[in-house]
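Trainee: You'll find input_8.tsv just under this line, and it carries TSV, C-alpha atoms.
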chain	number	residue	atom	x	y	z
A	1	MET	CA	35.19	133.65	23.77
A	2	PRO	CA	36.84	132.37	26.94
A	3	LEU	CA	36.75	128.60	27.34
A	4	ARG	CA	37.11	126.93	30.72
A	5	SER	CA	40.10	124.58	30.96
A	6	GLY	CA	39.25	123.06	34.36
A	7	LYS	CA	36.66	122.83	37.08
A	8	VAL	CA	37.18	126.01	39.07
A	9	PRO	CA	34.53	127.77	41.17
A	10	ARG	CA	33.44	131.16	39.88
A	11	ASP	CA	34.84	132.70	43.05
A	12	ALA	CA	37.99	130.63	43.47
A	13	VAL	CA	39.37	133.33	45.78
A	14	HIS	CA	37.28	135.01	48.48
A	15	HIS	CA	38.94	137.76	50.50
A	16	PRO	CA	36.23	140.43	50.86
A	17	LEU	CA	37.90	142.46	53.61
A	18	PHE	CA	41.30	142.44	51.91
A	19	ALA	CA	39.67	143.30	48.58
A	20	ARG	CA	38.18	146.48	50.03
A	21	TYR	CA	41.47	147.41	51.69
A	22	TYR	CA	43.48	146.70	48.54
A	23	ALA	CA	41.10	148.71	46.38
A	24	ARG	CA	41.77	151.77	48.53
A	25	ILE	CA	45.53	151.51	48.98
A	26	SER	CA	46.21	150.55	45.35
A	27	VAL	CA	44.59	153.74	44.07
A	28	ALA	CA	46.65	155.82	46.49
A	29	ALA	CA	49.82	153.96	45.44
A	30	GLU	CA	49.41	155.10	41.83
A	31	THR	CA	50.92	158.47	42.69
A	32	ARG	CA	52.32	158.17	46.21
A	33	MET	CA	54.43	155.08	45.46
A	34	GLY	CA	54.92	155.63	41.73
A	35	MET	CA	52.87	152.60	40.67
A	36	GLY	CA	51.39	154.51	37.74
A	37	ARG	CA	54.88	154.93	36.24
A	38	VAL	CA	55.62	151.25	36.84
A	39	ARG	CA	52.44	150.25	35.00
A	40	GLU	CA	53.45	152.41	32.05
A	41	ARG	CA	56.82	150.65	31.81
A	42	LEU	CA	55.25	147.24	32.36
A	43	LEU	CA	52.81	147.54	29.44
A	44	ASP	CA	54.71	149.76	27.01
A	45	GLY	CA	54.96	148.30	23.50
A	46	LEU	CA	52.47	145.46	23.92
A	47	SER	CA	50.33	144.50	20.93
A	48	GLY	CA	47.77	141.93	19.82
A	49	ARG	CA	45.67	139.83	22.20
A	50	VAL	CA	46.75	140.09	25.83
A	51	LEU	CA	45.78	137.97	28.82
A	52	GLU	CA	46.05	139.66	32.21
A	53	ILE	CA	46.06	137.29	35.18
A	54	GLY	CA	44.90	138.59	38.54
A	55	ALA	CA	43.70	141.93	37.21
A	56	GLY	CA	42.58	143.13	40.66
A	57	ASN	CA	40.58	146.35	40.41
A	58	GLY	CA	41.73	147.00	36.86
A	59	LEU	CA	44.32	149.72	37.38
A	60	ASN	CA	46.43	148.40	34.49
A	61	PHE	CA	43.65	148.91	31.97
A	62	ALA	CA	44.21	152.65	31.51
A	63	HIS	CA	47.86	152.02	30.58
A	64	TYR	CA	47.46	149.54	27.70
A	65	PRO	CA	48.70	151.06	24.43
A	66	GLY	CA	46.41	151.37	21.42
A	67	THR	CA	48.35	148.58	19.64
A	68	VAL	CA	46.60	146.05	21.91
A	69	SER	CA	43.58	144.63	20.10
A	70	GLU	CA	41.95	142.95	23.12
A	71	VAL	CA	42.60	142.26	26.80
A	72	VAL	CA	41.07	139.28	28.56
A	73	ALA	CA	41.43	139.97	32.27
A	74	ILE	CA	41.12	137.13	34.78
A	75	GLU	CA	40.18	138.04	38.35
A	76	PRO	CA	39.03	135.43	40.90
A	77	GLU	CA	37.92	137.75	43.73
A	78	ARG	CA	34.34	138.96	43.33
A	79	ARG	CA	34.66	142.47	44.77
A	80	LEU	CA	37.83	143.24	42.83
A	81	ARG	CA	36.28	141.77	39.68
A	82	GLN	CA	33.34	144.15	39.97
A	83	LEU	CA	35.73	147.09	40.20
A	84	ALA	CA	37.69	145.74	37.23
A	85	VAL	CA	34.51	145.62	35.13
A	86	GLU	CA	33.94	149.30	35.91
A	87	ALA	CA	37.54	150.12	34.97
A	88	ALA	CA	37.14	148.15	31.71
A	89	LEU	CA	34.29	150.44	30.68
A	90	ARG	CA	36.66	153.41	30.92
A	91	ALA	CA	39.56	151.76	29.08
A	92	GLU	CA	40.62	152.86	25.61
A	93	VAL	CA	41.18	149.26	24.46
A	94	PRO	CA	38.61	146.43	24.56
A	95	VAL	CA	38.77	144.63	27.93
A	96	ASP	CA	36.77	141.52	28.85
A	97	VAL	CA	36.82	140.76	32.60
A	98	VAL	CA	36.06	137.14	33.50
A	99	PRO	CA	36.23	134.96	36.64
A	100	GLY	CA	38.85	132.26	36.90
A	101	ALA	CA	41.95	131.03	38.70
A	102	ALA	CA	45.57	131.21	37.56
A	103	GLU	CA	45.93	127.45	38.04
A	104	ALA	CA	43.13	126.67	35.55
A	105	LEU	CA	42.80	129.56	33.13
A	106	PRO	CA	39.38	129.68	31.41
A	107	VAL	CA	40.80	130.35	27.92
A	108	LYS	CA	41.94	128.34	24.91
A	109	SER	CA	45.51	127.16	24.39
A	110	GLU	CA	47.91	129.33	22.37
A	111	GLY	CA	45.30	132.06	22.03
A	112	PHE	CA	47.33	135.06	23.18
A	113	ASP	CA	50.27	137.09	21.95
A	114	ALA	CA	51.23	138.28	25.43
A	115	ALA	CA	50.36	137.88	29.09
A	116	VAL	CA	50.66	140.20	32.06
A	117	VAL	CA	51.21	139.24	35.70
A	118	SER	CA	51.40	142.12	38.13
A	119	LEU	CA	51.68	141.43	41.89
A	120	VAL	CA	50.01	138.06	41.32
A	121	LEU	CA	52.56	135.24	41.73
A	122	CYS	CA	52.95	136.12	45.40
A	123	SER	CA	49.40	134.99	46.13
A	124	VAL	CA	48.56	132.09	43.80
A	125	ARG	CA	48.21	128.77	45.60
A	126	ASP	CA	50.30	126.72	43.14
A	127	VAL	CA	52.94	128.76	41.30
A	128	PRO	CA	54.29	125.96	39.02
A	129	ARG	CA	50.78	125.00	37.94
A	130	ALA	CA	49.85	128.65	37.31
A	131	LEU	CA	52.95	129.19	35.18
A	132	GLY	CA	52.27	125.97	33.32
A	133	GLU	CA	48.86	127.36	32.45
A	134	LEU	CA	50.50	130.60	31.36
A	135	ARG	CA	52.71	128.67	28.92
A	136	ARG	CA	49.69	126.79	27.62
A	137	VAL	CA	47.68	129.87	26.69
A	138	LEU	CA	50.53	131.81	25.05
A	139	ARG	CA	51.42	131.22	21.43
A	140	PRO	CA	54.99	129.99	20.86
A	141	GLY	CA	57.23	133.03	21.19
A	142	GLY	CA	54.55	134.84	23.18
A	143	GLU	CA	55.68	137.41	25.72
A	144	VAL	CA	55.15	137.64	29.48
A	145	ARG	CA	55.37	141.04	31.16
A	146	PHE	CA	55.82	140.73	34.91
A	147	PHE	CA	56.03	143.02	37.91
A	148	GLU	CA	56.27	140.99	41.10
A	149	HIS	CA	57.64	141.32	44.59
A	150	GLY	CA	59.60	138.66	46.43
A	151	ARG	CA	62.69	137.74	48.38
A	152	GLY	CA	65.27	140.47	48.81
A	153	GLY	CA	67.64	142.27	51.14
A	154	GLY	CA	70.17	140.75	53.49
A	155	ARG	CA	69.91	137.91	56.00
A	156	VAL	CA	67.80	139.85	58.49
A	157	MET	CA	65.28	140.93	55.88
A	158	ALA	CA	65.10	137.44	54.34
A	159	PHE	CA	64.50	135.95	57.81
A	160	SER	CA	61.77	138.53	58.45
A	161	GLN	CA	60.08	137.72	55.14
A	162	ARG	CA	60.06	133.99	55.86
A	163	ALA	CA	58.79	134.54	59.39
A	164	LEU	CA	55.94	136.73	58.18
A	165	ASP	CA	55.05	134.17	55.49
A	166	ARG	CA	54.73	131.46	58.15
A	167	THR	CA	52.51	133.58	60.39
A	168	VAL	CA	50.34	136.63	59.82
A	169	TRP	CA	51.20	138.02	56.39
A	170	PRO	CA	49.20	135.66	54.12
A	171	VAL	CA	46.20	135.81	56.47
A	172	LEU	CA	46.11	139.60	56.50
A	173	ASN	CA	47.01	140.15	52.83
A	174	GLY	CA	44.84	137.89	50.73
A	175	GLY	CA	47.22	134.93	50.59
A	176	CYS	CA	50.26	137.03	49.64
A	177	HIS	CA	53.76	135.66	50.35
A	178	LEU	CA	56.86	137.82	50.69
A	179	SER	CA	59.70	135.38	50.10
A	180	ARG	CA	58.82	133.83	46.74
A	181	GLU	CA	61.27	134.16	43.85
A	182	PRO	CA	59.36	135.06	40.66
A	183	VAL	CA	62.33	135.11	38.29
A	184	ARG	CA	63.45	131.64	39.38
A	185	ALA	CA	59.86	130.38	39.13
A	186	LEU	CA	59.54	131.64	35.55
A	187	ARG	CA	62.83	130.04	34.60
A	188	ASP	CA	61.90	126.74	36.27
A	189	ALA	CA	58.60	126.76	34.34
A	190	GLY	CA	60.50	126.81	31.05
A	191	PHE	CA	60.23	130.46	30.11
A	192	GLU	CA	63.13	132.25	28.48
A	193	LEU	CA	64.05	135.32	30.52
A	194	GLY	CA	64.37	138.62	28.73
A	195	PRO	CA	65.52	141.89	30.30
A	196	TYR	CA	64.52	142.42	33.92
A	197	ARG	CA	65.59	144.69	36.74
A	198	GLN	CA	65.15	145.07	40.46
A	199	VAL	CA	62.83	147.84	41.68
A	200	LEU	CA	62.25	149.08	45.21
A	201	MET	CA	58.72	150.15	46.11
A	202	PRO	CA	58.36	152.82	47.22
A	203	GLU	CA	61.32	154.18	45.30
A	204	GLN	CA	61.79	156.87	47.93
A	205	GLY	CA	61.05	155.99	51.52
A	206	PRO	CA	61.46	153.12	53.98
A	207	THR	CA	62.47	149.67	52.75
A	208	LEU	CA	59.83	147.20	53.86
A	209	PRO	CA	59.53	143.39	53.56
A	210	ALA	CA	57.26	143.89	50.51
A	211	SER	CA	59.54	146.49	48.86
A	212	TYR	CA	61.74	144.14	46.81
A	213	CYS	CA	60.24	143.93	43.31
A	214	VAL	CA	61.32	142.86	39.85
A	215	LEU	CA	60.07	144.26	36.53
A	216	GLY	CA	60.78	142.41	33.34
A	217	THR	CA	59.98	140.26	30.34
A	218	ALA	CA	59.96	136.54	29.60
A	219	PHE	CA	58.98	134.47	26.59
A	220	ARG	CA	57.44	131.12	25.80
A	221	PRO	CA	60.10	129.32	23.73
A	222	LEU	CA	59.35	128.98	20.03
A	223	GLY	CA	59.89	125.26	20.27
A	224	GLY	CA	57.32	124.57	22.97
I need this file expressed as structure tokens, please.

Mentor:
Amino acid sequence: MPLRSGKVPRDAVHHPLFARYYARISVAAETRMGMGRVRERLLDGLSGRVLEIGAGNGLNFAHYPGTVSEVVAIEPERRLRQLAVEAALRAEVPVDVVPGAAEALPVKSEGFDAAVVSLVLCSVRDVPRALGELRRVLRPGGEVRFFEHGRGGGRVMAFSQRALDRTVWPVLNGGCHLSREPVRALRDAGFELGPYRQVLMPEQGPTLPASYCVLGTAFRPLGG
């Protein structure tokens, strides 16, 4: 059973308008932007107990392989969590959707074989604290699968990303930031980086400030 590790409100994130907007565009992106194929690559080969942080409306659930024994999915936004519960009922693997925040995960230490973060690190309030929690809940040697967007492009694009982060983008997009560096953040948090590669989303079409993504694997070191 999940166990709270800190005092976090049940609805630590409240973006009702963005949640409704995201629920619509994310479903369309499964085919139009190729997100369904990305989810397949992100989750392929996982096994054992998996923690998914920031599960959103649960679109990953249909892609977990049968080798996964259980998914505990954390989602702080109420509307998205309700949609995730509905998606969990349709999943082919057991999925338990619970409220919580990435900075204080409501689960026991070293209780998971793997963790999944998908378009999450851009919006958490405290990235180092969230990744510290991720290390805590993974067993030594446990695997992180990540698909995140962040800084990319040349000087003009990087300037545009920073300018949007300082102004309208987080307000309009549920706290999302465009210019964070997820690979560096994982490394700084003490994870060992496995294979990763840059991905543009959409793969075909205009390159936007949110297009620069990275898909890869990291590990909690065996020694700590």

Trainee: Give me the residues within 12 Å of Arg49 (chain A) as a compact mmCIF listing (two decimals) with C-alpha atoms, keeping the file's coordinate frame, counting all atoms listed in the file and dropping any in the same chain fewer than 3 places off.

Mentor:
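File written: part.txt
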# COMPACT_ATOMS: atom_id res chain seq x y z
CA LEU A 46 52.47 145.46 23.92
CA GLU A 52 46.05 139.66 32.21
CA TYR A 64 47.46 149.54 27.70
CA PRO A 65 48.70 151.06 24.43
CA GLY A 66 46.41 151.37 21.42
CA THR A 67 48.35 148.58 19.64
CA VAL A 68 46.60 146.05 21.91
CA SER A 69 43.58 144.63 20.10
CA GLU A 70 41.95 142.95 23.12
CA VAL A 71 42.60 142.26 26.80
CA VAL A 72 41.07 139.28 28.56
CA ALA A 73 41.43 139.97 32.27
CA VAL A 93 41.18 149.26 24.46
CA PRO A 94 38.61 146.43 24.56
CA VAL A 95 38.77 144.63 27.93
CA ASP A 96 36.77 141.52 28.85
CA GLU A 110 47.91 129.33 22.37
CA GLY A 111 45.30 132.06 22.03
CA PHE A 112 47.33 135.06 23.18
CA ASP A 113 50.27 137.09 21.95
CA ALA A 114 51.23 138.28 25.43
CA ALA A 115 50.36 137.88 29.09
CA VAL A 116 50.66 140.20 32.06
CA VAL A 137 47.68 129.87 26.69
CA LEU A 138 50.53 131.81 25.05
CA ARG A 139 51.42 131.22 21.43
CA GLY A 142 54.55 134.84 23.18
CA GLU A 143 55.68 137.41 25.72

Trainee: With distances taken over only C-alpha atoms, which residue among A:Arg90, A:Arg78, A:Arg136, A:Arg220 lies nearest Glu192 (chain A)?

Mentor: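 Distance minimum relative to Glu192 (chain A) lands on A:Arg220.
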
Trainee: Between CA of Ala210 (chain A) and CA of Val144 (chain A), what is the spacing in Å?

Mentor: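 Separation of CA of Val144 (chain A) and CA of Ala210 (chain A): 22.0 Å.
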
Trainee: So how far away is CA of Arg180 (chain A) from CA of Ala218 (chain A), in Å?

Mentor: 17.4 Å

Trainee: Would you mind telling me which residue in A:Arg187, A:Arg24, A:Lys108, A:His63 lies nearest to Arg39 (chain A) when using only C-alpha atoms?

Mentor: A:His63

Trainee: Could I see region 39-55 of chain A restored to N, CA, C and O atoms, set down as a PDB file, keeping the file's coordinate frame?

Mentor:
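Once written, part09.pdb looks like this:
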ATOM      1  N   ARG A  39      53.394 150.838  35.936  1.00  0.00           N
ATOM      2  CA  ARG A  39      52.440 150.250  35.000  1.00  0.00           C
ATOM      3  C   ARG A  39      52.729 150.681  33.560  1.00  0.00           C
ATOM      4  O   ARG A  39      52.599 149.888  32.618  1.00  0.00           O
ATOM      5  N   GLU A  40      53.105 151.932  33.384  1.00  0.00           N
ATOM      6  CA  GLU A  40      53.450 152.410  32.050  1.00  0.00           C
ATOM      7  C   GLU A  40      54.623 151.615  31.481  1.00  0.00           C
ATOM      8  O   GLU A  40      54.609 151.182  30.318  1.00  0.00           O
ATOM      9  N   ARG A  41      55.655 151.404  32.282  1.00  0.00           N
ATOM     10  CA  ARG A  41      56.820 150.650  31.810  1.00  0.00           C
ATOM     11  C   ARG A  41      56.467 149.182  31.591  1.00  0.00           C
ATOM     12  O   ARG A  41      56.959 148.552  30.651  1.00  0.00           O
ATOM     13  N   LEU A  42      55.634 148.642  32.459  1.00  0.00           N
ATOM     14  CA  LEU A  42      55.250 147.240  32.360  1.00  0.00           C
ATOM     15  C   LEU A  42      54.554 146.932  31.033  1.00  0.00           C
ATOM     16  O   LEU A  42      54.796 145.887  30.417  1.00  0.00           O
ATOM     17  N   LEU A  43      53.691 147.825  30.573  1.00  0.00           N
ATOM     18  CA  LEU A  43      52.810 147.540  29.440  1.00  0.00           C
ATOM     19  C   LEU A  43      53.260 148.196  28.143  1.00  0.00           C
ATOM     20  O   LEU A  43      52.675 147.924  27.087  1.00  0.00           O
ATOM     21  N   ASP A  44      54.268 149.034  28.193  1.00  0.00           N
ATOM     22  CA  ASP A  44      54.710 149.760  27.010  1.00  0.00           C
ATOM     23  C   ASP A  44      55.103 148.808  25.876  1.00  0.00           C
ATOM     24  O   ASP A  44      55.854 147.856  26.083  1.00  0.00           O
ATOM     25  N   GLY A  45      54.576 149.066  24.682  1.00  0.00           N
ATOM     26  CA  GLY A  45      54.960 148.300  23.500  1.00  0.00           C
ATOM     27  C   GLY A  45      54.186 147.018  23.272  1.00  0.00           C
ATOM     28  O   GLY A  45      54.432 146.319  22.281  1.00  0.00           O
ATOM     29  N   LEU A  46      53.260 146.673  24.140  1.00  0.00           N
ATOM     30  CA  LEU A  46      52.470 145.460  23.920  1.00  0.00           C
ATOM     31  C   LEU A  46      51.561 145.616  22.699  1.00  0.00           C
ATOM     32  O   LEU A  46      51.134 146.729  22.365  1.00  0.00           O
ATOM     33  N   SER A  47      51.230 144.480  22.071  1.00  0.00           N
ATOM     34  CA  SER A  47      50.330 144.500  20.930  1.00  0.00           C
ATOM     35  C   SER A  47      49.607 143.163  20.830  1.00  0.00           C
ATOM     36  O   SER A  47      49.992 142.181  21.456  1.00  0.00           O
ATOM     37  N   GLY A  48      48.539 143.153  20.048  1.00  0.00           N
ATOM     38  CA  GLY A  48      47.770 141.930  19.820  1.00  0.00           C
ATOM     39  C   GLY A  48      46.849 141.598  20.974  1.00  0.00           C
ATOM     40  O   GLY A  48      46.408 142.472  21.715  1.00  0.00           O
ATOM     41  N   ARG A  49      46.542 140.304  21.128  1.00  0.00           N
ATOM     42  CA  ARG A  49      45.670 139.830  22.200  1.00  0.00           C
ATOM     43  C   ARG A  49      46.490 139.607  23.457  1.00  0.00           C
ATOM     44  O   ARG A  49      47.516 138.920  23.431  1.00  0.00           O
ATOM     45  N   VAL A  50      46.014 140.148  24.564  1.00  0.00           N
ATOM     46  CA  VAL A  50      46.750 140.090  25.830  1.00  0.00           C
ATOM     47  C   VAL A  50      45.873 139.456  26.895  1.00  0.00           C
ATOM     48  O   VAL A  50      44.691 139.791  27.023  1.00  0.00           O
ATOM     49  N   LEU A  51      46.448 138.551  27.662  1.00  0.00           N
ATOM     50  CA  LEU A  51      45.780 137.970  28.820  1.00  0.00           C
ATOM     51  C   LEU A  51      46.405 138.569  30.073  1.00  0.00           C
ATOM     52  O   LEU A  51      47.623 138.507  30.264  1.00  0.00           O
ATOM     53  N   GLU A  52      45.571 139.160  30.932  1.00  0.00           N
ATOM     54  CA  GLU A  52      46.050 139.660  32.210  1.00  0.00           C
ATOM     55  C   GLU A  52      45.530 138.763  33.321  1.00  0.00           C
ATOM     56  O   GLU A  52      44.318 138.559  33.444  1.00  0.00           O
ATOM     57  N   ILE A  53      46.422 138.231  34.126  1.00  0.00           N
ATOM     58  CA  ILE A  53      46.060 137.290  35.180  1.00  0.00           C
ATOM     59  C   ILE A  53      46.080 138.013  36.521  1.00  0.00           C
ATOM     60  O   ILE A  53      47.066 138.657  36.873  1.00  0.00           O
ATOM     61  N   GLY A  54      44.988 137.902  37.270  1.00  0.00           N
ATOM     62  CA  GLY A  54      44.900 138.590  38.540  1.00  0.00           C
ATOM     63  C   GLY A  54      44.812 140.092  38.347  1.00  0.00           C
ATOM     64  O   GLY A  54      45.632 140.853  38.856  1.00  0.00           O
ATOM     65  N   ALA A  55      43.806 140.526  37.609  1.00  0.00           N
ATOM     66  CA  ALA A  55      43.700 141.930  37.210  1.00  0.00           C
ATOM     67  C   ALA A  55      43.345 142.855  38.372  1.00  0.00           C
ATOM     68  O   ALA A  55      43.420 144.077  38.229  1.00  0.00           O
TER      69      ALA A  55
END
